[in-house]
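> Sharing structure10.cif, mmCIF, C-alpha atoms:
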data_model
#
loop_
_atom_site.group_PDB
_atom_site.id
_atom_site.type_symbol
_atom_site.label_atom_id
_atom_site.label_comp_id
_atom_site.auth_asym_id
_atom_site.auth_seq_id
_atom_site.Cartn_x
_atom_site.Cartn_y
_atom_site.Cartn_z
ATOM 1 C CA MET A 1 -96.224 -0.277 25.418
ATOM 2 C CA GLU A 2 -97.818 2.834 23.894
ATOM 3 C CA ARG A 3 -96.815 1.692 20.405
ATOM 4 C CA ARG A 4 -98.428 -1.702 20.994
ATOM 5 C CA ALA A 5 -101.627 0.032 22.097
ATOM 6 C CA PHE A 6 -101.547 2.144 18.972
ATOM 7 C CA ALA A 7 -100.994 -0.928 16.792
ATOM 8 C CA ALA A 8 -104.010 -2.589 18.396
ATOM 9 C CA ALA A 9 -106.137 0.494 17.755
ATOM 10 C CA LEU A 10 -104.964 0.584 14.154
ATOM 11 C CA SER A 11 -105.912 -3.063 13.654
ATOM 12 C CA ALA A 12 -109.340 -2.468 15.174
ATOM 13 C CA ALA A 13 -109.937 0.546 12.963
ATOM 14 C CA ALA A 14 -108.851 -1.304 9.837
ATOM 15 C CA ALA A 15 -111.249 -4.147 10.659
ATOM 16 C CA SER A 16 -114.189 -1.754 10.964
ATOM 17 C CA PRO A 17 -116.879 -1.946 8.273
ATOM 18 C CA LEU A 18 -116.349 1.786 7.858
ATOM 19 C CA LEU A 19 -113.313 1.659 5.566
ATOM 20 C CA MET A 20 -110.589 3.646 7.225
ATOM 21 C CA GLY A 21 -109.695 6.767 5.290
ATOM 22 C CA ALA A 22 -112.253 6.345 2.525
ATOM 23 C CA ALA A 23 -114.751 8.637 4.170
ATOM 24 C CA SER A 24 -112.495 10.907 6.175
ATOM 25 C CA GLY A 25 -112.245 14.659 5.767
ATOM 26 C CA ARG A 26 -109.330 16.970 5.120
ATOM 27 C CA PRO A 27 -107.700 18.652 8.147
ATOM 28 C CA GLY A 28 -110.062 21.180 9.651
ATOM 29 C CA GLN A 29 -113.120 19.264 8.453
ATOM 30 C CA PRO A 30 -115.170 16.821 10.542
ATOM 31 C CA VAL A 31 -113.956 13.235 10.603
ATOM 32 C CA LYS A 32 -116.694 11.252 8.887
ATOM 33 C CA SER A 33 -116.395 7.794 10.417
ATOM 34 C CA GLN A 34 -116.252 6.424 13.934
ATOM 35 C CA ALA A 35 -113.229 4.310 13.004
ATOM 36 C CA ASP A 36 -111.317 7.385 11.864
ATOM 37 C CA ALA A 37 -112.265 9.324 14.995
ATOM 38 C CA HIS A 38 -111.189 6.421 17.227
ATOM 39 C CA LEU A 39 -107.886 6.052 15.421
ATOM 40 C CA GLN A 40 -107.107 9.761 15.692
ATOM 41 C CA ARG A 41 -107.850 9.702 19.422
ATOM 42 C CA GLU A 42 -105.456 6.781 19.875
ATOM 43 C CA MET A 43 -102.803 8.452 17.727
ATOM 44 C CA THR A 44 -103.122 11.612 19.815
ATOM 45 C CA ARG A 45 -102.880 9.677 23.078
ATOM 46 C CA VAL A 46 -99.766 7.786 22.001
ATOM 47 C CA LEU A 47 -98.012 10.759 20.414
ATOM 48 C CA ALA A 48 -98.777 12.956 23.422
ATOM 49 C CA ALA A 49 -97.072 10.383 25.655
ATOM 50 C CA VAL A 50 -94.073 10.114 23.339
ATOM 51 C CA LEU A 51 -93.662 13.878 22.974
ATOM 52 C CA GLN A 52 -94.805 14.644 26.529
ATOM 53 C CA ASP A 53 -96.787 17.426 24.904
ATOM 54 C CA ARG A 54 -100.513 16.906 24.353
ATOM 55 C CA ASP A 55 -101.121 20.268 22.671
ATOM 56 C CA THR A 56 -98.563 19.621 19.956
ATOM 57 C CA ALA A 57 -99.828 16.066 19.498
ATOM 58 C CA ARG A 58 -103.393 17.322 19.012
ATOM 59 C CA THR A 59 -102.152 19.796 16.413
ATOM 60 C CA VAL A 60 -99.983 17.365 14.461
ATOM 61 C CA VAL A 61 -102.113 14.198 14.458
ATOM 62 C CA PRO A 62 -104.718 15.452 11.934
ATOM 63 C CA TRP A 63 -101.869 16.141 9.500
ATOM 64 C CA ILE A 64 -100.330 12.718 10.079
ATOM 65 C CA PHE A 65 -103.730 11.118 9.569
ATOM 66 C CA ASP A 66 -104.461 13.061 6.400
ATOM 67 C CA ILE A 67 -101.095 12.376 4.789
ATOM 68 C CA GLY A 68 -100.530 8.830 6.002
ATOM 69 C CA PHE A 69 -103.999 7.332 6.342
ATOM 70 C CA ASP A 70 -106.337 9.141 3.943
ATOM 71 C CA TRP A 71 -105.753 8.559 0.236
ATOM 72 C CA ALA A 72 -109.246 9.425 -1.015
ATOM 73 C CA PRO A 73 -109.607 12.604 -3.113
ATOM 74 C CA ALA A 74 -112.607 14.901 -3.129
ATOM 75 C CA ALA A 75 -114.951 13.663 -5.877
ATOM 76 C CA ALA A 76 -117.878 15.013 -7.895
ATOM 77 C CA PRO A 77 -120.167 13.781 -10.706
ATOM 78 C CA THR A 78 -119.153 14.514 -14.283
ATOM 79 C CA ASP A 79 -121.993 17.014 -14.795
ATOM 80 C CA ARG A 80 -120.196 19.351 -12.387
ATOM 81 C CA LEU A 81 -116.975 19.304 -14.414
ATOM 82 C CA ASP A 82 -115.903 21.757 -17.119
ATOM 83 C CA PHE A 83 -112.696 20.081 -18.266
ATOM 84 C CA ILE A 84 -110.386 17.160 -17.565
ATOM 85 C CA VAL A 85 -106.774 17.420 -16.458
ATOM 86 C CA ALA A 86 -104.808 14.168 -16.607
ATOM 87 C CA TYR A 87 -101.496 13.765 -14.791
ATOM 88 C CA SER A 88 -98.986 11.182 -15.996
ATOM 89 C CA PHE A 89 -97.421 8.494 -13.849
ATOM 90 C CA GLY A 90 -94.033 7.096 -14.740
ATOM 91 C CA ASN A 91 -92.866 6.357 -18.279
ATOM 92 C CA ARG A 92 -90.441 3.972 -19.962
ATOM 93 C CA PRO A 93 -86.806 4.742 -20.890
ATOM 94 C CA PRO A 94 -86.172 5.736 -24.530
ATOM 95 C CA ALA A 95 -86.827 2.726 -26.747
ATOM 96 C CA ASP A 96 -83.541 2.999 -28.651
ATOM 97 C CA GLY A 97 -81.434 3.442 -25.536
ATOM 98 C CA GLY A 98 -80.722 7.091 -26.311
ATOM 99 C CA ASP A 99 -79.590 9.698 -23.816
ATOM 100 C CA PRO A 100 -82.620 10.116 -21.493
ATOM 101 C CA THR A 101 -81.709 13.741 -20.879
ATOM 102 C CA LYS A 102 -82.166 14.531 -24.591
ATOM 103 C CA VAL A 103 -84.417 11.757 -25.945
ATOM 104 C CA LEU A 104 -88.057 11.610 -24.919
ATOM 105 C CA ALA A 105 -89.052 8.685 -22.768
ATOM 106 C CA GLU A 106 -91.632 6.200 -23.992
ATOM 107 C CA PRO A 107 -95.104 6.932 -22.532
ATOM 108 C CA GLY A 108 -95.349 3.463 -20.971
ATOM 109 C CA PRO A 109 -98.239 1.197 -19.969
ATOM 110 C CA MET A 110 -99.280 3.099 -16.847
ATOM 111 C CA ASN A 111 -100.018 6.209 -18.874
ATOM 112 C CA GLU A 112 -101.923 4.097 -21.369
ATOM 113 C CA GLN A 113 -104.142 2.969 -18.486
ATOM 114 C CA LEU A 114 -104.676 6.591 -17.481
ATOM 115 C CA ALA A 115 -105.602 7.469 -21.071
ATOM 116 C CA ASP A 116 -108.158 4.652 -21.011
ATOM 117 C CA VAL A 117 -109.829 6.280 -17.994
ATOM 118 C CA VAL A 118 -109.961 9.644 -19.770
ATOM 119 C CA ALA A 119 -111.577 7.924 -22.755
ATOM 120 C CA GLU A 120 -114.176 6.344 -20.442
ATOM 121 C CA ILE A 121 -115.054 9.766 -19.051
ATOM 122 C CA ARG A 122 -115.240 11.279 -22.523
ATOM 123 C CA ALA A 123 -117.644 8.518 -23.559
ATOM 124 C CA VAL A 124 -120.004 9.815 -20.868
ATOM 125 C CA ARG A 125 -119.483 13.540 -21.401
ATOM 126 C CA THR A 126 -117.499 15.475 -23.996
ATOM 127 C CA LEU A 127 -115.116 17.724 -22.114
ATOM 128 C CA PRO A 128 -111.877 19.376 -23.218
ATOM 129 C CA VAL A 129 -108.825 17.510 -21.984
ATOM 130 C CA TYR A 130 -105.480 18.840 -20.783
ATOM 131 C CA ALA A 131 -103.140 15.886 -20.460
ATOM 132 C CA GLN A 132 -99.453 15.405 -19.894
ATOM 133 C CA TRP A 133 -97.925 14.360 -23.167
ATOM 134 C CA GLU A 134 -97.499 10.704 -22.140
ATOM 135 C CA ILE A 135 -101.277 10.404 -21.726
ATOM 136 C CA ALA A 136 -102.106 12.677 -24.674
ATOM 137 C CA HIS A 137 -100.109 10.320 -26.911
ATOM 138 C CA PHE A 138 -102.567 7.485 -26.263
ATOM 139 C CA LEU A 139 -105.609 9.740 -26.333
ATOM 140 C CA THR A 140 -104.869 10.642 -29.953
ATOM 141 C CA THR A 141 -103.173 7.507 -31.312
ATOM 142 C CA LYS A 142 -105.258 4.856 -29.518
ATOM 143 C CA HIS A 143 -108.572 6.570 -28.817
ATOM 144 C CA GLY A 144 -108.682 9.189 -31.584
ATOM 145 C CA LEU A 145 -110.007 11.883 -29.246
ATOM 146 C CA ASP A 146 -110.270 15.532 -30.216
ATOM 147 C CA GLN A 147 -110.171 18.568 -27.893
ATOM 148 C CA VAL A 148 -106.944 17.260 -26.339
ATOM 149 C CA THR A 149 -104.230 19.710 -25.309
ATOM 150 C CA ALA A 150 -100.903 18.014 -24.603
ATOM 151 C CA ILE A 151 -98.812 19.474 -21.782
ATOM 152 C CA GLU A 152 -95.277 18.977 -23.041
ATOM 153 C CA PRO A 153 -91.942 18.853 -21.183
ATOM 154 C CA VAL A 154 -89.642 21.858 -21.369
ATOM 155 C CA ILE A 155 -86.863 21.450 -23.922
ATOM 156 C CA ALA A 156 -83.864 23.793 -23.622
ATOM 157 C CA ALA A 157 -81.948 25.257 -26.549
ATOM 158 C CA ASP A 158 -79.325 22.516 -26.225
ATOM 159 C CA GLY A 159 -82.008 19.827 -26.379
ATOM 160 C CA THR A 160 -81.995 18.993 -22.664
ATOM 161 C CA ILE A 161 -85.407 17.781 -21.529
ATOM 162 C CA THR A 162 -86.979 18.849 -18.234
ATOM 163 C CA TYR A 163 -90.099 16.878 -17.358
ATOM 164 C CA LEU A 164 -92.769 18.849 -15.537
ATOM 165 C CA SER A 165 -93.712 18.133 -11.956
ATOM 166 C CA THR A 166 -97.339 17.702 -10.926
ATOM 167 C CA ASP A 167 -97.356 21.354 -9.886
ATOM 168 C CA GLY A 168 -95.690 22.392 -13.141
ATOM 169 C CA VAL A 169 -98.478 20.748 -15.119
ATOM 170 C CA ALA A 170 -101.147 22.344 -12.929
ATOM 171 C CA ALA A 171 -99.557 25.766 -13.452
ATOM 172 C CA GLN A 172 -99.654 25.386 -17.236
ATOM 173 C CA VAL A 173 -103.255 24.196 -17.220
ATOM 174 C CA ALA A 174 -104.287 27.128 -15.016
ATOM 175 C CA GLU A 175 -102.751 29.575 -17.489
ATOM 176 C CA LEU A 176 -104.497 27.908 -20.427
ATOM 177 C CA ARG A 177 -107.848 27.892 -18.642
ATOM 178 C CA LYS A 178 -107.711 31.599 -17.854
ATOM 179 C CA ALA A 179 -108.475 32.254 -21.519
ATOM 180 C CA ALA A 180 -111.417 29.813 -21.602
ATOM 181 C CA PRO A 181 -114.946 31.189 -22.112
ATOM 182 C CA GLY A 182 -116.570 31.588 -18.721
ATOM 183 C CA GLY A 183 -113.291 31.460 -16.835
ATOM 184 C CA ILE A 184 -111.228 28.635 -15.408
ATOM 185 C CA GLY A 185 -114.114 26.383 -14.391
ATOM 186 C CA THR A 186 -114.027 23.088 -12.502
ATOM 187 C CA ALA A 187 -111.442 20.405 -13.230
ATOM 188 C CA GLY A 188 -112.070 16.690 -13.317
ATOM 189 C CA VAL A 189 -108.749 15.176 -12.295
ATOM 190 C CA VAL A 190 -107.442 11.869 -13.636
ATOM 191 C CA GLY A 191 -104.399 10.397 -11.925
ATOM 192 C CA TRP A 192 -102.892 7.178 -10.612
ATOM 193 C CA ARG A 193 -104.829 5.788 -7.656
ATOM 194 C CA ASP A 194 -102.072 6.611 -5.172
ATOM 195 C CA HIS A 195 -101.296 9.953 -6.833
ATOM 196 C CA ILE A 196 -104.760 11.361 -7.460
ATOM 197 C CA LYS A 197 -105.378 12.878 -4.036
ATOM 198 C CA ARG A 198 -102.221 14.967 -4.388
ATOM 199 C CA CYS A 199 -103.172 15.769 -7.992
ATOM 200 C CA VAL A 200 -106.499 17.191 -6.795
ATOM 201 C CA LEU A 201 -104.828 19.199 -4.025
ATOM 202 C CA THR A 202 -102.148 20.507 -6.405
ATOM 203 C CA THR A 203 -104.763 21.508 -8.980
ATOM 204 C CA GLU A 204 -106.627 23.406 -6.249
ATOM 205 C CA GLY A 205 -103.359 25.015 -5.191
ATOM 206 C CA ARG A 206 -103.116 26.586 -8.642
ATOM 207 C CA GLY A 207 -106.497 28.300 -8.255
ATOM 208 C CA MET A 208 -108.746 25.715 -9.879
ATOM 209 C CA THR A 209 -111.716 23.976 -8.306
ATOM 210 C CA ALA A 210 -110.906 20.277 -8.654
ATOM 211 C CA PHE A 211 -112.472 16.873 -8.072
ATOM 212 C CA ALA A 212 -111.891 13.284 -9.058
ATOM 213 C CA PRO A 213 -114.775 12.210 -11.327
ATOM 214 C CA GLU A 214 -117.206 9.994 -9.457
ATOM 215 C CA GLY A 215 -117.837 6.487 -10.757
ATOM 216 C CA PHE A 216 -114.477 5.945 -12.444
ATOM 217 C CA THR A 217 -111.740 3.655 -11.115
ATOM 218 C CA MET A 218 -108.204 4.956 -11.356
ATOM 219 C CA PRO A 219 -105.495 2.462 -12.402
ATOM 220 C CA ASP A 220 -103.178 0.943 -9.821
ATOM 221 C CA THR A 221 -101.037 -1.732 -11.527
ATOM 222 C CA TYR A 222 -97.433 -0.615 -11.115
ATOM 223 C CA ASP A 223 -94.870 -1.019 -13.904
ATOM 224 C CA PRO A 224 -91.594 -2.563 -12.640
ATOM 225 C CA GLU A 225 -89.882 -1.277 -15.806
ATOM 226 C CA SER A 226 -90.852 2.352 -15.280
ATOM 227 C CA GLY A 227 -88.152 4.886 -16.016
ATOM 228 C CA GLN A 228 -88.949 6.608 -12.695
ATOM 229 C CA PRO A 229 -87.785 4.310 -9.862
ATOM 230 C CA TRP A 230 -90.334 5.657 -7.363
ATOM 231 C CA THR A 231 -93.196 4.551 -9.657
ATOM 232 C CA ARG A 232 -92.060 0.923 -9.977
ATOM 233 C CA ARG A 233 -93.649 -0.382 -6.774
ATOM 234 C CA ARG A 234 -96.368 0.781 -4.441
ATOM 235 C CA ASP A 235 -94.560 0.901 -1.111
ATOM 236 C CA LEU A 236 -91.813 3.093 -2.536
ATOM 237 C CA TYR A 237 -94.301 5.358 -4.275
ATOM 238 C CA LEU A 238 -96.370 5.879 -1.130
ATOM 239 C CA VAL A 239 -93.248 7.096 0.680
ATOM 240 C CA HIS A 240 -92.488 9.390 -2.271
ATOM 241 C CA ASP A 241 -96.006 10.811 -2.266
ATOM 242 C CA MET A 242 -96.097 11.348 1.483
ATOM 243 C CA VAL A 243 -92.814 13.254 1.263
ATOM 244 C CA ALA A 244 -94.381 15.453 -1.429
ATOM 245 C CA GLN A 245 -97.489 16.021 0.686
ATOM 246 C CA TRP A 246 -95.391 16.918 3.731
ATOM 247 C CA THR A 247 -93.412 19.371 1.600
ATOM 248 C CA MET A 248 -96.684 20.992 0.499
ATOM 249 C CA LYS A 249 -97.818 21.160 4.131
ATOM 250 C CA ARG A 250 -94.517 22.685 5.251
ATOM 251 C CA THR A 251 -94.683 25.370 2.550
ATOM 252 C CA GLN A 252 -98.285 26.177 3.458
ATOM 253 C CA MET A 253 -97.518 26.438 7.181
ATOM 254 C CA ILE A 254 -94.532 28.720 6.708
ATOM 255 C CA ALA A 255 -96.557 31.008 4.454
ATOM 256 C CA GLU A 256 -99.441 31.132 6.937
ATOM 257 C CA LEU A 257 -97.422 31.458 10.139
ATOM 258 C CA TYR A 258 -94.703 33.764 8.835
ATOM 259 C CA PRO A 259 -96.112 35.666 5.831
ATOM 260 C CA ASN A 260 -93.393 38.306 6.140
ATOM 261 C CA GLY A 261 -90.584 35.770 6.287
#
Now that the file is in, can you turn its structure into structure tokens?


Amino acid sequence: MERRAFAAALSAAAASPLLMGAASGRPGQPVKSQADAHLQREMTRVLAAVLQDRDTARTVVPWIFDIGFDWAPAAAPTDRLDFIVAYSFGNRPPADGGDPTKVLAEPGPMNEQLADVVAEIRAVRTLPVYAQWEIAHFLTTKHGLDQVTAIEPVIAADGTITYLSTDGVAAQVAELRKAAPGGIGTAGVVGWRDHIKRCVLTTEGRGMTAFAPEGFTMPDTYDPESGQPWTRRRDLYLVHDMVAQWTMKRTQMIAELYPNG
């Protein structure tokens, strides 16, 4: 019965003219729409009944809402940005069928779409770009852009390739920006529509101020031939991304609650 009530509340919130999630805040910030506030109240009511523990429900629901219902990143106009960091999404298996552990993947069409967005931003404002190599490939070969720093995978002495995670890319960009005139500065983040919120949060986690650039639409057409299975279809990717966000939340909570281990 409680689940049916929650489903009804979810349907009502989704039907609201205030697009659910698009205007909501991060945990600890005010919820910015009546639909979001109503949904969180219903989630709390239902979870409290299921857990028989209202206090825990009230603590956990904002996290569930943020990770499961809010996919909008913090955004800012391009005149507030000092550089662009572009995170890749998927790839294609090696064109010649070589060993994928020792032969670079093909950049793939999704990263070409991401490169197109970077080029659109650069047409408005010339900013240095730090892009994963899959995107950097198109920025130089297709768009002929300068001031592009490619973030490459790690290649071991035996030729084994380790592709960087989102956090691994952010860590490299942070190190490169420390040497920039005027300090690290503010990042304009380019990423897949369903990935960009986590890209912004991960960039911030590496000590950079970060926003999605306002006025630019991130790509969202999935590639069923992607070399990364979790980037072939949206439903699977959303599960993948939520797992990653929950892992980030778990790490943060442990560090905050038990700083001495």

> Hey, what's within 10 Å of Glu214 of chain A if we count only C-alpha atoms and toss same-chain stuff fewer than 4 positions away? As a PyMOL selection string, please?

chain A and resi 74-78+121+188

> With only C-alpha atoms as the counted atoms, please give the residues lying no more than 6 Å from segment 90-96 of chain A, apart from itself and same-chain residues fewer than 4 positions off, as an MDAnalysis selection string.

chainID A and resid 105:108 226:228 231

> Of the residues A:Asp158, A:Arg41, A:Thr126, A:Gly205, which is the one nearest to Thr59 of chain A, using all atoms listed in the file?

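Ranked by minimum distance to Thr59 of chain A, first place goes to A:Arg41.
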
> Write out as number ranges by chain which residues come within 8 Å of Trp192 of chain A when counting all atoms listed in the file, dropping same-chain ones fewer than 5 positions away.

A: 87-89, 114, 218-220

> Find the distance between atom CA of Gln252 of chain A and atom CA of Ala210 of chain A and write it in Å to one decimal.

18.5 Å

> Expressed in Å to a single decimal, how great is the separation between atom CA of Ala156 of chain A and atom CA of Ala115 of chain A?

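So the two atoms, atom CA of Ala156 of chain A and atom CA of Ala115 of chain A, lie 27.3 Å apart.
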
> For a quick check of understanding, using only C-alpha atoms, which of A:Leu139, A:Val200, A:Thr101, A:Asp55 has the smallest distance to Thr166 of chain A?

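Smallest separation from Thr166 of chain A among the options: A:Val200.
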
> Have a look at atom CA of Val60 of chain A and atom CA of Gln245 of chain A and let me know their distance in Å, one decimal.

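Computed distance, atom CA of Val60 of chain A to atom CA of Gln245 of chain A, equals 14.1 Å.
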
> For Met248 of chain A, which residue among A:Thr160, A:Thr217, A:Thr202, A:Thr44 is the nearest when counting all atoms listed in the file?

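That would be A:Thr202, the residue with the smallest distance to Met248 of chain A.
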
> Hey, what comes out of the PyMOL selection byres ((chain A and resi 175) around 12) on this file? Could you write it as number ranges by chain?

A: 130, 151, 168-174, 176-180, 183-184, 203, 206-208

> Name the residues in contact with Ile84 of chain A at a cut-off of 10 Å, using only C-alpha atoms, excluding same-chain residues fewer than 5 positions from it; report them as a tab-separated table (two decimals) with C-alpha atoms, in the coordinates of the input.


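Written out: out_5.tsv:
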chain	number	residue	atom	x	y	z
A	78	THR	CA	-119.15	14.51	-14.28
A	118	VAL	CA	-109.96	9.64	-19.77
A	121	ILE	CA	-115.05	9.77	-19.05
A	122	ARG	CA	-115.24	11.28	-22.52
A	126	THR	CA	-117.50	15.48	-24.00
A	127	LEU	CA	-115.12	17.72	-22.11
A	128	PRO	CA	-111.88	19.38	-23.22
A	129	VAL	CA	-108.82	17.51	-21.98
A	130	TYR	CA	-105.48	18.84	-20.78
A	131	ALA	CA	-103.14	15.89	-20.46
A	148	VAL	CA	-106.94	17.26	-26.34
A	186	THR	CA	-114.03	23.09	-12.50
A	187	ALA	CA	-111.44	20.40	-13.23
A	188	GLY	CA	-112.07	16.69	-13.32
A	189	VAL	CA	-108.75	15.18	-12.30
A	190	VAL	CA	-107.44	11.87	-13.64
A	210	ALA	CA	-110.91	20.28	-8.65
A	211	PHE	CA	-112.47	16.87	-8.07
A	212	ALA	CA	-111.89	13.28	-9.06
A	213	PRO	CA	-114.78	12.21	-11.33

> Given the PyMOL selection byres ((chain A and resi 142) around 12) and the file above, list the residues it selects as a PyMOL selection string.

chain A and resi 111-113+115-116+118-119+135-141+143-146

> Go ahead and find all residues with at least one atom no further than 9 Å from (-102.1, 6.9, -5.6) in the file's coordinates, using only C-alpha atoms; report them as a short mmCIF file (atom, residue, chain, number, x, y, z; two decimals) with C-alpha atoms, keeping the file's coordinate frame.


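Generated output (out_23.cif):
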data_model
loop_
_atom_site.label_atom_id
_atom_site.label_comp_id
_atom_site.auth_asym_id
_atom_site.auth_seq_id
_atom_site.Cartn_x
_atom_site.Cartn_y
_atom_site.Cartn_z
CA TRP A 71 -105.75 8.56 0.24
CA ALA A 72 -109.25 9.43 -1.01
CA GLY A 191 -104.40 10.40 -11.92
CA TRP A 192 -102.89 7.18 -10.61
CA ARG A 193 -104.83 5.79 -7.66
CA ASP A 194 -102.07 6.61 -5.17
CA HIS A 195 -101.30 9.95 -6.83
CA ILE A 196 -104.76 11.36 -7.46
CA LYS A 197 -105.38 12.88 -4.04
CA ARG A 198 -102.22 14.97 -4.39
CA MET A 218 -108.20 4.96 -11.36
CA PRO A 219 -105.50 2.46 -12.40
CA ASP A 220 -103.18 0.94 -9.82
CA ARG A 234 -96.37 0.78 -4.44
CA TYR A 237 -94.30 5.36 -4.28
CA LEU A 238 -96.37 5.88 -1.13
CA ASP A 241 -96.01 10.81 -2.27
#

> Identify the residues around (-96.6, 11.9, 3.0) within a radius of 10 Å, measuring from all atoms listed in the file in the coordinates stated by the file, and give them as an MDAnalysis selection string.

chainID A and resid 63:69 198 238:249

> Restricting the output to C-alpha atoms, write the selected residues as a PDB file, in the frame of the given file.


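Produced file out.pdb, reproduced below:
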ATOM      1  CA  TRP A  63    -101.869  16.141   9.500  1.00  0.00           C
ATOM      2  CA  ILE A  64    -100.330  12.718  10.079  1.00  0.00           C
ATOM      3  CA  PHE A  65    -103.730  11.118   9.569  1.00  0.00           C
ATOM      4  CA  ASP A  66    -104.461  13.061   6.400  1.00  0.00           C
ATOM      5  CA  ILE A  67    -101.095  12.376   4.789  1.00  0.00           C
ATOM      6  CA  GLY A  68    -100.530   8.830   6.002  1.00  0.00           C
ATOM      7  CA  PHE A  69    -103.999   7.332   6.342  1.00  0.00           C
ATOM      8  CA  ARG A 198    -102.221  14.967  -4.388  1.00  0.00           C
ATOM      9  CA  LEU A 238     -96.370   5.879  -1.130  1.00  0.00           C
ATOM     10  CA  VAL A 239     -93.248   7.096   0.680  1.00  0.00           C
ATOM     11  CA  HIS A 240     -92.488   9.390  -2.271  1.00  0.00           C
ATOM     12  CA  ASP A 241     -96.006  10.811  -2.266  1.00  0.00           C
ATOM     13  CA  MET A 242     -96.097  11.348   1.483  1.00  0.00           C
ATOM     14  CA  VAL A 243     -92.814  13.254   1.263  1.00  0.00           C
ATOM     15  CA  ALA A 244     -94.381  15.453  -1.429  1.00  0.00           C
ATOM     16  CA  GLN A 245     -97.489  16.021   0.686  1.00  0.00           C
ATOM     17  CA  TRP A 246     -95.391  16.918   3.731  1.00  0.00           C
ATOM     18  CA  THR A 247     -93.412  19.371   1.600  1.00  0.00           C
ATOM     19  CA  MET A 248     -96.684  20.992   0.499  1.00  0.00           C
ATOM     20  CA  LYS A 249     -97.818  21.160   4.131  1.00  0.00           C
TER      21      LYS A 249
END

> Saving segment 212-224 of chain A with N, CA and C atoms, as a JSON list (two decimals), in the first residue's frame, what would that file be?


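Ended up saving to decode09.json:
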[["chain", "number", "residue", "atom", "x", "y", "z"],
["A", 212, "ALA", "N", 28.93, 23.01, -15.39],
["A", 212, "ALA", "CA", 28.59, 22.77, -16.80],
["A", 212, "ALA", "C", 28.38, 24.14, -17.45],
["A", 213, "PRO", "N", 28.82, 24.34, -18.67],
["A", 213, "PRO", "CA", 28.63, 25.63, -19.33],
["A", 213, "PRO", "C", 27.17, 25.85, -19.72],
["A", 214, "GLU", "N", 26.61, 26.96, -19.29],
["A", 214, "GLU", "CA", 25.21, 27.24, -19.60],
["A", 214, "GLU", "C", 25.01, 27.46, -21.09],
["A", 215, "GLY", "N", 23.84, 27.01, -21.59],
["A", 215, "GLY", "CA", 23.47, 27.26, -22.96],
["A", 215, "GLY", "C", 23.95, 26.24, -23.96],
["A", 216, "PHE", "N", 24.55, 25.16, -23.49],
["A", 216, "PHE", "CA", 25.06, 24.13, -24.39],
["A", 216, "PHE", "C", 24.43, 22.78, -24.03],
["A", 217, "THR", "N", 23.93, 22.08, -25.05],
["A", 217, "THR", "CA", 23.26, 20.80, -24.84],
["A", 217, "THR", "C", 24.25, 19.66, -24.96],
["A", 218, "MET", "N", 24.32, 18.85, -23.93],
["A", 218, "MET", "CA", 25.22, 17.70, -23.95],
["A", 218, "MET", "C", 24.60, 16.55, -24.74],
["A", 219, "PRO", "N", 25.40, 15.77, -25.44],
["A", 219, "PRO", "CA", 24.86, 14.68, -26.27],
["A", 219, "PRO", "C", 24.26, 13.57, -25.43],
["A", 220, "ASP", "N", 23.34, 12.81, -26.05],
["A", 220, "ASP", "CA", 22.65, 11.76, -25.30],
["A", 220, "ASP", "C", 22.25, 10.57, -26.17],
["A", 221, "THR", "N", 22.80, 10.46, -27.38],
["A", 221, "THR", "CA", 22.46, 9.34, -28.26],
["A", 221, "THR", "C", 23.44, 8.20, -28.03],
["A", 222, "TYR", "N", 22.98, 7.14, -27.40],
["A", 222, "TYR", "CA", 23.87, 6.04, -27.01],
["A", 222, "TYR", "C", 24.30, 5.21, -28.22],
["A", 223, "ASP", "N", 25.51, 4.66, -28.12],
["A", 223, "ASP", "CA", 26.10, 3.86, -29.20],
["A", 223, "ASP", "C", 26.00, 2.38, -28.83],
["A", 224, "PRO", "N", 25.14, 1.60, -29.49],
["A", 224, "PRO", "CA", 25.00, 0.18, -29.16],
["A", 224, "PRO", "C", 26.25, -0.64, -29.47]]
